[in-house]
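With PDB, C-alpha atoms (C1' of nucleotides) inside, this is structure-v4.pdb:
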```pdb
ATOM      1  CA  MET V   1    -106.230 -41.223 -38.880  1.00  0.00           C
ATOM      2  CA  THR V   2    -105.465 -42.323 -42.405  1.00  0.00           C
ATOM      3  CA  GLN V   3    -104.116 -45.498 -43.943  1.00  0.00           C
ATOM      4  CA  VAL V   4    -100.705 -43.899 -44.171  1.00  0.00           C
ATOM      5  CA  ASP V   5    -100.747 -43.494 -40.414  1.00  0.00           C
ATOM      6  CA  VAL V   6    -101.254 -47.225 -40.021  1.00  0.00           C
ATOM      7  CA  ILE V   7     -98.382 -47.918 -42.385  1.00  0.00           C
ATOM      8  CA  LYS V   8     -96.196 -45.485 -40.467  1.00  0.00           C
ATOM      9  CA  ALA V   9     -97.022 -47.262 -37.239  1.00  0.00           C
ATOM     10  CA  LEU V  10     -95.717 -50.454 -38.812  1.00  0.00           C
ATOM     11  CA  SER V  11     -92.683 -48.862 -40.395  1.00  0.00           C
ATOM     12  CA  ASN V  12     -90.574 -49.482 -37.321  1.00  0.00           C
ATOM     13  CA  LYS V  13     -88.842 -52.751 -36.586  1.00  0.00           C
ATOM     14  CA  THR V  14     -89.803 -52.872 -32.937  1.00  0.00           C
ATOM     15  CA  ARG V  15     -93.440 -51.992 -33.441  1.00  0.00           C
ATOM     16  CA  LEU V  16     -93.739 -54.522 -36.214  1.00  0.00           C
ATOM     17  CA  GLN V  17     -92.206 -57.165 -33.979  1.00  0.00           C
ATOM     18  CA  ILE V  18     -94.508 -56.369 -31.102  1.00  0.00           C
ATOM     19  CA  LEU V  19     -97.512 -56.922 -33.314  1.00  0.00           C
ATOM     20  CA  THR V  20     -96.236 -60.285 -34.474  1.00  0.00           C
ATOM     21  CA  TRP V  21     -95.237 -61.353 -30.980  1.00  0.00           C
ATOM     22  CA  LEU V  22     -98.795 -60.709 -29.938  1.00  0.00           C
ATOM     23  CA  LYS V  23     -99.917 -63.341 -32.416  1.00  0.00           C
ATOM     24  CA  GLU V  24     -98.565 -66.041 -30.148  1.00  0.00           C
ATOM     25  CA  PRO V  25     -98.015 -64.662 -26.687  1.00  0.00           C
ATOM     26  CA  GLU V  26     -97.398 -68.107 -25.173  1.00  0.00           C
ATOM     27  CA  THR V  27     -94.417 -68.837 -27.365  1.00  0.00           C
ATOM     28  CA  HIS V  28     -92.839 -65.457 -26.840  1.00  0.00           C
ATOM     29  CA  PHE V  29     -93.546 -64.718 -23.224  1.00  0.00           C
ATOM     30  CA  PRO V  30     -93.334 -66.598 -19.942  1.00  0.00           C
ATOM     31  CA  VAL V  31     -96.625 -68.192 -19.101  1.00  0.00           C
ATOM     32  CA  GLN V  32     -98.579 -66.605 -16.331  1.00  0.00           C
ATOM     33  CA  ASP V  33    -100.686 -68.275 -13.705  1.00  0.00           C
ATOM     34  CA  PHE V  34    -103.799 -66.361 -14.536  1.00  0.00           C
ATOM     35  CA  GLY V  35    -105.589 -66.413 -17.792  1.00  0.00           C
ATOM     36  CA  GLU V  36    -104.836 -62.830 -18.704  1.00  0.00           C
ATOM     37  CA  LEU V  37    -102.435 -63.836 -21.394  1.00  0.00           C
ATOM     38  CA  LYS V  38    -105.164 -65.004 -23.691  1.00  0.00           C
ATOM     39  CA  GLU V  39    -107.942 -62.769 -22.530  1.00  0.00           C
ATOM     40  CA  ALA V  40    -106.610 -59.321 -21.913  1.00  0.00           C
ATOM     41  CA  GLY V  41    -103.248 -59.638 -23.609  1.00  0.00           C
ATOM     42  CA  LEU V  42     -99.793 -58.776 -22.400  1.00  0.00           C
ATOM     43  CA  CYS V  43     -98.804 -55.994 -20.090  1.00  0.00           C
ATOM     44  CA  VAL V  44     -96.322 -53.288 -20.985  1.00  0.00           C
ATOM     45  CA  GLY V  45     -93.605 -54.666 -18.732  1.00  0.00           C
ATOM     46  CA  GLN V  46     -93.549 -58.037 -20.426  1.00  0.00           C
ATOM     47  CA  ILE V  47     -93.290 -56.514 -23.835  1.00  0.00           C
ATOM     48  CA  GLN V  48     -90.644 -54.135 -22.650  1.00  0.00           C
ATOM     49  CA  ALA V  49     -88.541 -56.950 -21.216  1.00  0.00           C
ATOM     50  CA  LYS V  50     -88.751 -58.759 -24.522  1.00  0.00           C
ATOM     51  CA  CYS V  51     -87.763 -55.896 -26.775  1.00  0.00           C
ATOM     52  CA  GLY V  52     -85.216 -54.345 -24.462  1.00  0.00           C
ATOM     53  CA  LEU V  53     -86.095 -50.719 -25.003  1.00  0.00           C
ATOM     54  CA  ASN V  54     -86.854 -48.111 -22.425  1.00  0.00           C
ATOM     55  CA  GLN V  55     -90.141 -48.355 -20.572  1.00  0.00           C
ATOM     56  CA  SER V  56     -91.375 -45.021 -21.847  1.00  0.00           C
ATOM     57  CA  THR V  57     -90.514 -45.919 -25.413  1.00  0.00           C
ATOM     58  CA  VAL V  58     -92.486 -49.141 -25.255  1.00  0.00           C
ATOM     59  CA  SER V  59     -95.412 -47.434 -23.627  1.00  0.00           C
ATOM     60  CA  GLU V  60     -95.452 -44.859 -26.409  1.00  0.00           C
ATOM     61  CA  TYR V  61     -95.156 -47.513 -29.103  1.00  0.00           C
ATOM     62  CA  LEU V  62     -98.071 -49.407 -27.683  1.00  0.00           C
ATOM     63  CA  SER V  63    -100.271 -46.391 -27.431  1.00  0.00           C
ATOM     64  CA  LEU V  64     -99.404 -45.510 -31.014  1.00  0.00           C
ATOM     65  CA  LEU V  65    -100.362 -48.992 -32.162  1.00  0.00           C
ATOM     66  CA  GLN V  66    -103.588 -48.528 -30.284  1.00  0.00           C
ATOM     67  CA  ARG V  67    -104.226 -45.095 -31.754  1.00  0.00           C
ATOM     68  CA  VAL V  68    -104.104 -46.490 -35.282  1.00  0.00           C
ATOM     69  CA  GLY V  69    -106.350 -49.377 -34.335  1.00  0.00           C
ATOM     70  CA  LEU V  70    -103.949 -52.304 -34.488  1.00  0.00           C
ATOM     71  CA  VAL V  71    -104.180 -53.248 -30.814  1.00  0.00           C
ATOM     72  CA  THR V  72    -106.549 -52.688 -27.938  1.00  0.00           C
ATOM     73  CA  ALA V  73    -105.696 -51.800 -24.370  1.00  0.00           C
ATOM     74  CA  THR V  74    -107.371 -52.968 -21.173  1.00  0.00           C
ATOM     75  CA  ARG V  75    -106.481 -51.537 -17.842  1.00  0.00           C
ATOM     76  CA  ILE V  76    -106.699 -54.044 -14.990  1.00  0.00           C
ATOM     77  CA  GLY V  77    -105.402 -52.800 -11.700  1.00  0.00           C
ATOM     78  CA  GLN V  78    -102.018 -51.300 -12.257  1.00  0.00           C
ATOM     79  CA  TRP V  79    -101.456 -53.127 -15.487  1.00  0.00           C
ATOM     80  CA  THR V  80    -102.428 -52.228 -18.983  1.00  0.00           C
ATOM     81  CA  TYR V  81    -102.869 -55.266 -21.156  1.00  0.00           C
ATOM     82  CA  TYR V  82    -102.464 -54.966 -24.860  1.00  0.00           C
ATOM     83  CA  LYS V  83    -103.615 -57.415 -27.464  1.00  0.00           C
ATOM     84  CA  ARG V  84    -104.153 -57.503 -31.184  1.00  0.00           C
ATOM     85  CA  ASN V  85    -107.230 -55.800 -32.569  1.00  0.00           C
ATOM     86  CA  ASP V  86    -108.272 -58.173 -35.300  1.00  0.00           C
ATOM     87  CA  GLU V  87    -110.821 -55.775 -36.662  1.00  0.00           C
ATOM     88  CA  GLY V  88    -108.255 -53.077 -37.285  1.00  0.00           C
ATOM     89  CA  ILE V  89    -105.643 -55.517 -38.478  1.00  0.00           C
ATOM     90  CA  ASN V  90    -108.010 -57.084 -40.968  1.00  0.00           C
ATOM     91  CA  ALA V  91    -109.119 -53.723 -42.255  1.00  0.00           C
ATOM     92  CA  PHE V  92    -105.490 -52.873 -42.862  1.00  0.00           C
ATOM     93  CA  LYS V  93    -104.830 -56.167 -44.599  1.00  0.00           C
ATOM     94  CA  GLN V  94    -107.779 -55.612 -46.838  1.00  0.00           C
ATOM     95  CA  PHE V  95    -106.571 -52.157 -47.717  1.00  0.00           C
ATOM     96  CA  ILE V  96    -103.166 -53.508 -48.671  1.00  0.00           C
ATOM     97  CA  GLN V  97    -104.698 -56.307 -50.655  1.00  0.00           C
ATOM     98  CA  GLN V  98    -107.125 -54.151 -52.590  1.00  0.00           C
ATOM     99  CA  ASP V  99    -105.611 -50.731 -52.901  1.00  0.00           C
ATOM    100  CA  ILE V 100    -101.902 -51.283 -53.180  1.00  0.00           C
TER     101      ILE V 100
ATOM    102  CA  MET Q 101     -83.402 -54.766 -47.818  1.00  0.00           C
ATOM    103  CA  THR Q 102     -85.876 -55.967 -45.260  1.00  0.00           C
ATOM    104  CA  GLN Q 103     -89.654 -55.979 -45.067  1.00  0.00           C
ATOM    105  CA  VAL Q 104     -89.527 -52.908 -42.878  1.00  0.00           C
ATOM    106  CA  ASP Q 105     -87.804 -51.077 -45.709  1.00  0.00           C
ATOM    107  CA  VAL Q 106     -90.712 -51.858 -47.988  1.00  0.00           C
ATOM    108  CA  ILE Q 107     -93.156 -50.611 -45.392  1.00  0.00           C
ATOM    109  CA  LYS Q 108     -91.101 -47.453 -44.972  1.00  0.00           C
ATOM    110  CA  ALA Q 109     -91.194 -46.864 -48.695  1.00  0.00           C
ATOM    111  CA  LEU Q 110     -94.980 -46.950 -48.493  1.00  0.00           C
ATOM    112  CA  SER Q 111     -95.219 -44.834 -45.367  1.00  0.00           C
ATOM    113  CA  ASN Q 112     -95.372 -41.630 -47.372  1.00  0.00           C
ATOM    114  CA  LYS Q 113     -98.527 -40.276 -48.911  1.00  0.00           C
ATOM    115  CA  THR Q 114     -96.976 -39.370 -52.221  1.00  0.00           C
ATOM    116  CA  ARG Q 115     -95.136 -42.631 -52.712  1.00  0.00           C
ATOM    117  CA  LEU Q 116     -98.225 -44.591 -51.810  1.00  0.00           C
ATOM    118  CA  GLN Q 117    -100.231 -42.578 -54.320  1.00  0.00           C
ATOM    119  CA  ILE Q 118     -97.701 -43.083 -57.060  1.00  0.00           C
ATOM    120  CA  LEU Q 119     -97.951 -46.818 -56.642  1.00  0.00           C
ATOM    121  CA  THR Q 120    -101.712 -46.761 -56.869  1.00  0.00           C
ATOM    122  CA  TRP Q 121    -101.718 -44.388 -59.835  1.00  0.00           C
ATOM    123  CA  LEU Q 122     -99.567 -46.886 -61.626  1.00  0.00           C
ATOM    124  CA  LYS Q 123    -102.353 -49.425 -61.305  1.00  0.00           C
ATOM    125  CA  GLU Q 124    -104.320 -47.582 -63.954  1.00  0.00           C
ATOM    126  CA  PRO Q 125    -102.048 -45.279 -65.858  1.00  0.00           C
ATOM    127  CA  GLU Q 126    -104.684 -44.531 -68.508  1.00  0.00           C
ATOM    128  CA  THR Q 127    -107.141 -43.068 -66.042  1.00  0.00           C
ATOM    129  CA  HIS Q 128    -104.569 -40.974 -64.279  1.00  0.00           C
ATOM    130  CA  PHE Q 129    -102.336 -39.760 -67.054  1.00  0.00           C
ATOM    131  CA  PRO Q 130    -102.860 -38.288 -70.514  1.00  0.00           C
ATOM    132  CA  VAL Q 131    -102.745 -41.000 -73.129  1.00  0.00           C
ATOM    133  CA  GLN Q 132     -99.684 -41.069 -75.270  1.00  0.00           C
ATOM    134  CA  ASP Q 133     -99.429 -41.846 -78.936  1.00  0.00           C
ATOM    135  CA  PHE Q 134     -97.019 -44.676 -78.462  1.00  0.00           C
ATOM    136  CA  GLY Q 135     -97.682 -47.779 -76.493  1.00  0.00           C
ATOM    137  CA  GLU Q 136     -95.188 -47.063 -73.761  1.00  0.00           C
ATOM    138  CA  LEU Q 137     -97.883 -46.464 -71.248  1.00  0.00           C
ATOM    139  CA  LYS Q 138     -98.734 -50.120 -70.948  1.00  0.00           C
ATOM    140  CA  GLU Q 139     -95.420 -51.603 -71.836  1.00  0.00           C
ATOM    141  CA  ALA Q 140     -92.676 -49.649 -70.206  1.00  0.00           C
ATOM    142  CA  GLY Q 141     -94.729 -47.592 -67.786  1.00  0.00           C
ATOM    143  CA  LEU Q 142     -94.730 -43.894 -67.113  1.00  0.00           C
ATOM    144  CA  CYS Q 143     -91.829 -41.528 -67.253  1.00  0.00           C
ATOM    145  CA  VAL Q 144     -90.697 -39.391 -64.351  1.00  0.00           C
ATOM    146  CA  GLY Q 145     -91.983 -36.177 -65.858  1.00  0.00           C
ATOM    147  CA  GLN Q 146     -95.557 -37.426 -66.105  1.00  0.00           C
ATOM    148  CA  ILE Q 147     -95.574 -38.597 -62.543  1.00  0.00           C
ATOM    149  CA  GLN Q 148     -94.001 -35.387 -61.399  1.00  0.00           C
ATOM    150  CA  ALA Q 149     -96.636 -33.300 -63.160  1.00  0.00           C
ATOM    151  CA  LYS Q 150     -99.336 -35.322 -61.462  1.00  0.00           C
ATOM    152  CA  CYS Q 151     -98.043 -35.118 -57.935  1.00  0.00           C
ATOM    153  CA  GLY Q 152     -96.730 -31.595 -58.127  1.00  0.00           C
ATOM    154  CA  LEU Q 153     -93.498 -32.062 -56.240  1.00  0.00           C
ATOM    155  CA  ASN Q 154     -90.025 -31.116 -57.313  1.00  0.00           C
ATOM    156  CA  GLN Q 155     -88.420 -33.138 -60.081  1.00  0.00           C
ATOM    157  CA  SER Q 156     -85.594 -34.303 -57.881  1.00  0.00           C
ATOM    158  CA  THR Q 157     -87.972 -35.375 -55.164  1.00  0.00           C
ATOM    159  CA  VAL Q 158     -90.017 -37.483 -57.542  1.00  0.00           C
ATOM    160  CA  SER Q 159     -86.924 -38.997 -59.050  1.00  0.00           C
ATOM    161  CA  GLU Q 160     -85.723 -39.985 -55.602  1.00  0.00           C
ATOM    162  CA  TYR Q 161     -89.107 -41.390 -54.629  1.00  0.00           C
ATOM    163  CA  LEU Q 162     -89.210 -43.528 -57.727  1.00  0.00           C
ATOM    164  CA  SER Q 163     -85.745 -44.865 -57.257  1.00  0.00           C
ATOM    165  CA  LEU Q 164     -86.602 -45.698 -53.664  1.00  0.00           C
ATOM    166  CA  LEU Q 165     -89.690 -47.593 -54.770  1.00  0.00           C
ATOM    167  CA  GLN Q 166     -87.498 -49.426 -57.200  1.00  0.00           C
ATOM    168  CA  ARG Q 167     -84.837 -50.170 -54.611  1.00  0.00           C
ATOM    169  CA  VAL Q 168     -87.366 -51.958 -52.424  1.00  0.00           C
ATOM    170  CA  GLY Q 169     -88.741 -53.870 -55.373  1.00  0.00           C
ATOM    171  CA  LEU Q 170     -92.157 -52.298 -55.789  1.00  0.00           C
ATOM    172  CA  VAL Q 171     -91.558 -50.891 -59.269  1.00  0.00           C
ATOM    173  CA  THR Q 172     -89.202 -51.500 -62.143  1.00  0.00           C
ATOM    174  CA  ALA Q 173     -87.425 -48.927 -64.238  1.00  0.00           C
ATOM    175  CA  THR Q 174     -86.671 -49.040 -67.946  1.00  0.00           C
ATOM    176  CA  ARG Q 175     -84.496 -46.481 -69.583  1.00  0.00           C
ATOM    177  CA  ILE Q 176     -85.497 -45.681 -73.159  1.00  0.00           C
ATOM    178  CA  GLY Q 177     -83.643 -42.835 -74.714  1.00  0.00           C
ATOM    179  CA  GLN Q 178     -83.703 -39.944 -72.355  1.00  0.00           C
ATOM    180  CA  TRP Q 179     -86.700 -41.217 -70.467  1.00  0.00           C
ATOM    181  CA  THR Q 180     -86.911 -43.587 -67.574  1.00  0.00           C
ATOM    182  CA  TYR Q 181     -90.181 -45.437 -67.493  1.00  0.00           C
ATOM    183  CA  TYR Q 182     -91.438 -46.804 -64.238  1.00  0.00           C
ATOM    184  CA  LYS Q 183     -94.119 -49.391 -63.748  1.00  0.00           C
ATOM    185  CA  ARG Q 184     -95.390 -51.654 -61.005  1.00  0.00           C
ATOM    186  CA  ASN Q 185     -93.366 -54.736 -60.187  1.00  0.00           C
ATOM    187  CA  ASP Q 186     -96.055 -57.303 -59.543  1.00  0.00           C
ATOM    188  CA  GLU Q 187     -93.601 -59.806 -58.221  1.00  0.00           C
ATOM    189  CA  GLY Q 188     -92.370 -57.491 -55.511  1.00  0.00           C
ATOM    190  CA  ILE Q 189     -95.813 -56.146 -54.785  1.00  0.00           C
ATOM    191  CA  ASN Q 190     -97.281 -59.594 -54.398  1.00  0.00           C
ATOM    192  CA  ALA Q 191     -94.455 -60.694 -52.173  1.00  0.00           C
ATOM    193  CA  PHE Q 192     -95.185 -57.727 -49.964  1.00  0.00           C
ATOM    194  CA  LYS Q 193     -98.889 -58.448 -49.908  1.00  0.00           C
ATOM    195  CA  GLN Q 194     -98.221 -62.005 -48.934  1.00  0.00           C
ATOM    196  CA  PHE Q 195     -95.962 -60.872 -46.142  1.00  0.00           C
ATOM    197  CA  ILE Q 196     -98.657 -58.576 -44.786  1.00  0.00           C
ATOM    198  CA  GLN Q 197    -101.266 -61.272 -45.086  1.00  0.00           C
ATOM    199  CA  GLN Q 198     -99.240 -63.979 -43.389  1.00  0.00           C
ATOM    200  CA  ASP Q 199     -96.918 -62.321 -40.968  1.00  0.00           C
ATOM    201  CA  ILE Q 200     -98.772 -59.327 -39.657  1.00  0.00           C
TER     202      ILE Q 200
ATOM    203  C1'  DT U 201    -102.570 -43.240   4.492  1.00  0.00           C
ATOM    204  C1'  DG U 202     -97.946 -43.512   2.596  1.00  0.00           C
ATOM    205  C1'  DG U 203     -94.664 -46.170  -0.120  1.00  0.00           C
ATOM    206  C1'  DG U 204     -94.061 -49.006  -4.049  1.00  0.00           C
ATOM    207  C1'  DA U 205     -95.289 -50.970  -8.635  1.00  0.00           C
ATOM    208  C1'  DA U 206     -96.750 -50.253 -13.339  1.00  0.00           C
ATOM    209  C1'  DT U 207     -97.671 -47.155 -16.718  1.00  0.00           C
ATOM    210  C1'  DA U 208     -98.054 -42.627 -18.906  1.00  0.00           C
ATOM    211  C1'  DT U 209     -96.399 -38.220 -20.075  1.00  0.00           C
ATOM    212  C1'  DC U 210     -92.797 -34.623 -20.702  1.00  0.00           C
ATOM    213  C1'  DG U 211     -88.528 -32.606 -22.273  1.00  0.00           C
ATOM    214  C1'  DA U 212     -84.391 -33.325 -24.702  1.00  0.00           C
ATOM    215  C1'  DT U 213     -81.217 -34.822 -28.296  1.00  0.00           C
ATOM    216  C1'  DA U 214     -79.624 -37.543 -32.184  1.00  0.00           C
ATOM    217  C1'  DA U 215     -80.980 -39.635 -36.345  1.00  0.00           C
ATOM    218  C1'  DT U 216     -83.997 -39.879 -40.272  1.00  0.00           C
ATOM    219  C1'  DT U 217     -87.141 -38.084 -43.665  1.00  0.00           C
ATOM    220  C1'  DG U 218     -89.405 -34.611 -46.736  1.00  0.00           C
ATOM    221  C1'  DC U 219     -88.453 -31.486 -50.015  1.00  0.00           C
ATOM    222  C1'  DC U 220     -86.117 -28.107 -52.459  1.00  0.00           C
ATOM    223  C1'  DG U 221     -82.634 -25.697 -55.687  1.00  0.00           C
ATOM    224  C1'  DA U 222     -78.418 -26.309 -58.050  1.00  0.00           C
ATOM    225  C1'  DT U 223     -75.594 -29.053 -60.563  1.00  0.00           C
ATOM    226  C1'  DA U 224     -74.139 -33.232 -63.011  1.00  0.00           C
ATOM    227  C1'  DT U 225     -74.945 -37.026 -66.438  1.00  0.00           C
ATOM    228  C1'  DG U 226     -76.666 -39.062 -70.566  1.00  0.00           C
ATOM    229  C1'  DC U 227     -79.071 -38.924 -74.888  1.00  0.00           C
ATOM    230  C1'  DT U 228     -80.427 -36.966 -79.126  1.00  0.00           C
ATOM    231  C1'  DT U 229     -80.303 -34.200 -82.891  1.00  0.00           C
ATOM    232  C1'  DG U 230     -79.151 -30.190 -85.759  1.00  0.00           C
TER     233       DG U 230
ATOM    234  C1'  DC T 231     -69.616 -31.109 -81.354  1.00  0.00           C
ATOM    235  C1'  DA T 232     -73.094 -27.876 -78.957  1.00  0.00           C
ATOM    236  C1'  DA T 233     -77.594 -27.063 -77.159  1.00  0.00           C
ATOM    237  C1'  DG T 234     -81.393 -28.814 -75.067  1.00  0.00           C
ATOM    238  C1'  DC T 235     -84.178 -32.299 -72.779  1.00  0.00           C
ATOM    239  C1'  DA T 236     -85.091 -35.788 -69.132  1.00  0.00           C
ATOM    240  C1'  DT T 237     -83.351 -37.705 -65.261  1.00  0.00           C
ATOM    241  C1'  DA T 238     -80.113 -38.379 -61.409  1.00  0.00           C
ATOM    242  C1'  DT T 239     -77.345 -36.838 -57.697  1.00  0.00           C
ATOM    243  C1'  DC T 240     -75.763 -33.558 -54.088  1.00  0.00           C
ATOM    244  C1'  DG T 241     -76.010 -30.313 -50.303  1.00  0.00           C
ATOM    245  C1'  DG T 242     -78.973 -28.189 -47.275  1.00  0.00           C
ATOM    246  C1'  DC T 243     -82.755 -26.943 -44.020  1.00  0.00           C
ATOM    247  C1'  DA T 244     -87.052 -27.856 -41.711  1.00  0.00           C
ATOM    248  C1'  DA T 245     -90.008 -31.295 -39.863  1.00  0.00           C
ATOM    249  C1'  DT T 246     -90.624 -35.754 -37.929  1.00  0.00           C
ATOM    250  C1'  DT T 247     -89.167 -39.890 -35.525  1.00  0.00           C
ATOM    251  C1'  DA T 248     -86.437 -42.835 -32.256  1.00  0.00           C
ATOM    252  C1'  DT T 249     -85.216 -43.169 -27.952  1.00  0.00           C
ATOM    253  C1'  DC T 250     -83.893 -41.885 -23.474  1.00  0.00           C
ATOM    254  C1'  DG T 251     -84.152 -40.186 -18.446  1.00  0.00           C
ATOM    255  C1'  DA T 252     -86.976 -37.807 -15.263  1.00  0.00           C
ATOM    256  C1'  DT T 253     -91.256 -36.982 -13.491  1.00  0.00           C
ATOM    257  C1'  DA T 254     -96.268 -37.541 -12.991  1.00  0.00           C
ATOM    258  C1'  DT T 255    -100.230 -40.479 -12.346  1.00  0.00           C
ATOM    259  C1'  DT T 256    -102.799 -44.432 -10.780  1.00  0.00           C
ATOM    260  C1'  DC T 257    -103.544 -48.150  -8.171  1.00  0.00           C
ATOM    261  C1'  DC T 258    -102.539 -51.523  -4.578  1.00  0.00           C
ATOM    262  C1'  DC T 259    -101.547 -52.923  -0.018  1.00  0.00           C
ATOM    263  C1'  DA T 260     -99.202 -53.131   4.522  1.00  0.00           C
TER     264       DA T 260
END
```
Step by step, read the file and then write its structure as C-alpha cells.
Amino acid sequence: MTQVDVIKALSNKTRLQILTWLKEPETHFPVQDFGELKEAGLCVGQIQAKCGLNQSTVSEYLSLLQRVGLVTATRIGQWTYYKRNDEGINAFKQFIQQDI
Amino acid sequence: MTQVDVIKALSNKTRLQILTWLKEPETHFPVQDFGELKEAGLCVGQIQAKCGLNQSTVSEYLSLLQRVGLVTATRIGQWTYYKRNDEGINAFKQFIQQDI
DNA sequence: TGGGAATATCGATAATTGCCGATATGCTTG
DNA sequence: CAAGCATATCGGCAATTATCGATATTCCCA
C-alpha cells in the first residue's frame, strides 16, 4: 500500500465523487430517520443509487477506497456503512502538500 | 482537462518520481556547466537516464505532465527542457486540500 | 427455517495504460 | 547539404482497469 495506490484510487471520476459526496451526506442523499447518516456513514445502496453504476461496481469501489485508507466501513445488520476516514485523508493531503 | 486528468498523470510511479526529482534537480542530476538546470529545467535525456525507461516512454510521460499543467517545456536548440510549473502544481494542491 | 434484502465476490469483456522498438522531425555543424 | 544528435510520434503487445451480470454470502424476519 503505497502513496501511488492512494492516487490511483482517486484517479477515477466516480470514486473521486463518492469521496466528496461523503463530505456532506445530508446534501447529497435523502435524509434517514435514524442517525446513521452522521455516525456510521452511508450504505452501499444509497451511494449506488446516486452514482448510477452497477451494484457490484460500487461495492468494489468502496472496498478499494477502504483498502487505501480513505474511508472506513461499518457493518450494521445487512448494511455496510461507509464514511470518510479523516486520518487517511489527512495523511494523503499532507503527502501531496509536502512531497509533490 | 479535468482534475481527474491531473490525478491520473500522477497515478504512475515514474511520473510521480519525475515531478519530485524536479524539485531539486541539483541533488538528483549531474551538475551542468551552464545555468540551464535552474532556469530552463532538465532535458529529456537526463531524466531518461535517471529513471531508466525507454526514451520514447519518458518523452511521452513528460508531455503528459505538461499537458495537465504540472510542468512546462522549453525548447532550446535540440533539447527540450522541462521544469515544474508551480502555478499548475499549486492549483492542484489547492484542489486536493479543499475539495477532497 | 426458508425467502428476501443488502452486500460481496467471481468471471468476462472492452477500454485504457505501460512500455517498447522503429521511424520521423528538427537542429546544428562540418 | 549530409550526418548526427535529441526529441517526438507511431504501431504494437502485455498488463491493468472499468464495468457488468451472475452467483455467493450474510443477515433479518415472517
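Protein, DNA and RNA residues at most 12 Å from (-73.1, -30.5, -52.7), with all atoms listed in the file, are these: DG221, DA222, DT223 and DA224 of chain U; DT239, DC240, DG241 and DG242 of chain T.
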Task: Expected answer as a PyMOL selection string: chain V residues within 8 Å of chain Q, all atoms listed in the file - done: chain V and resi 4-5+7-8+10-13+16+19-20+89+93+96-97+99-100
Output check: residues returned by the PyMOL selection byres ((chain U) within 10 of (chain V)), as a PDB file with C-alpha atoms (C1' of nucleotides), keeping the file's coordinate frame:
```pdb
ATOM      1  C1'  DA U 205     -95.289 -50.970  -8.635  1.00  0.00           C
ATOM      2  C1'  DA U 206     -96.750 -50.253 -13.339  1.00  0.00           C
ATOM      3  C1'  DT U 207     -97.671 -47.155 -16.718  1.00  0.00           C
ATOM      4  C1'  DA U 208     -98.054 -42.627 -18.906  1.00  0.00           C
ATOM      5  C1'  DT U 209     -96.399 -38.220 -20.075  1.00  0.00           C
TER       6       DT U 209
END
```
TODO: Considering only C-alpha atoms (C1' of nucleotides), state which residue in the set V:Leu70, V:Ala91, V:Leu53, V:Leu65 is at the smallest distance from chain T.
DONE: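 Of V:Leu70, V:Ala91, V:Leu53, V:Leu65, the one nearest chain T is V:Leu53, counting only C-alpha atoms (C1' of nucleotides).
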Once the PyMOL selection byres ((chain T) within 12 of (chain V)) is applied to the coordinates I shared, what remains selected? I want it as an mmCIF file with C-alpha atoms (C1' of nucleotides), keeping the file's coordinate frame.
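The resulting file, part-v3.cif, is reproduced below:
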```cif
data_model
loop_
_atom_site.group_PDB
_atom_site.id
_atom_site.type_symbol
_atom_site.label_atom_id
_atom_site.label_comp_id
_atom_site.auth_asym_id
_atom_site.auth_seq_id
_atom_site.Cartn_x
_atom_site.Cartn_y
_atom_site.Cartn_z
ATOM 1 C "C1'" DT T 246 -90.624 -35.754 -37.929
ATOM 2 C "C1'" DT T 247 -89.167 -39.890 -35.525
ATOM 3 C "C1'" DA T 248 -86.437 -42.835 -32.256
ATOM 4 C "C1'" DT T 249 -85.216 -43.169 -27.952
ATOM 5 C "C1'" DC T 250 -83.893 -41.885 -23.474
ATOM 6 C "C1'" DG T 251 -84.152 -40.186 -18.446
ATOM 7 C "C1'" DA T 252 -86.976 -37.807 -15.263
ATOM 8 C "C1'" DT T 253 -91.256 -36.982 -13.491
ATOM 9 C "C1'" DT T 255 -100.230 -40.479 -12.346
ATOM 10 C "C1'" DT T 256 -102.799 -44.432 -10.780
ATOM 11 C "C1'" DC T 257 -103.544 -48.150 -8.171
ATOM 12 C "C1'" DC T 258 -102.539 -51.523 -4.578
#
```
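Between atom CA of Gln48 of chain V and atom CA of Leu62 of chain V the interatomic distance comes to 10.1 Å.
For the choices V:Met1, V:Gly69, V:Lys50, V:Phe95, the atom-to-atom distance to Pro25 of chain V is smallest for V:Lys50 when using all atoms listed in the file.
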- [ ] Kindly give the distance, in Å, that separates atom CA of Tyr61 of chain V and atom CA of Glu26 of chain V, rounded to a single decimal.
- [x]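 Between these atoms lies a distance of 21.1 Å.
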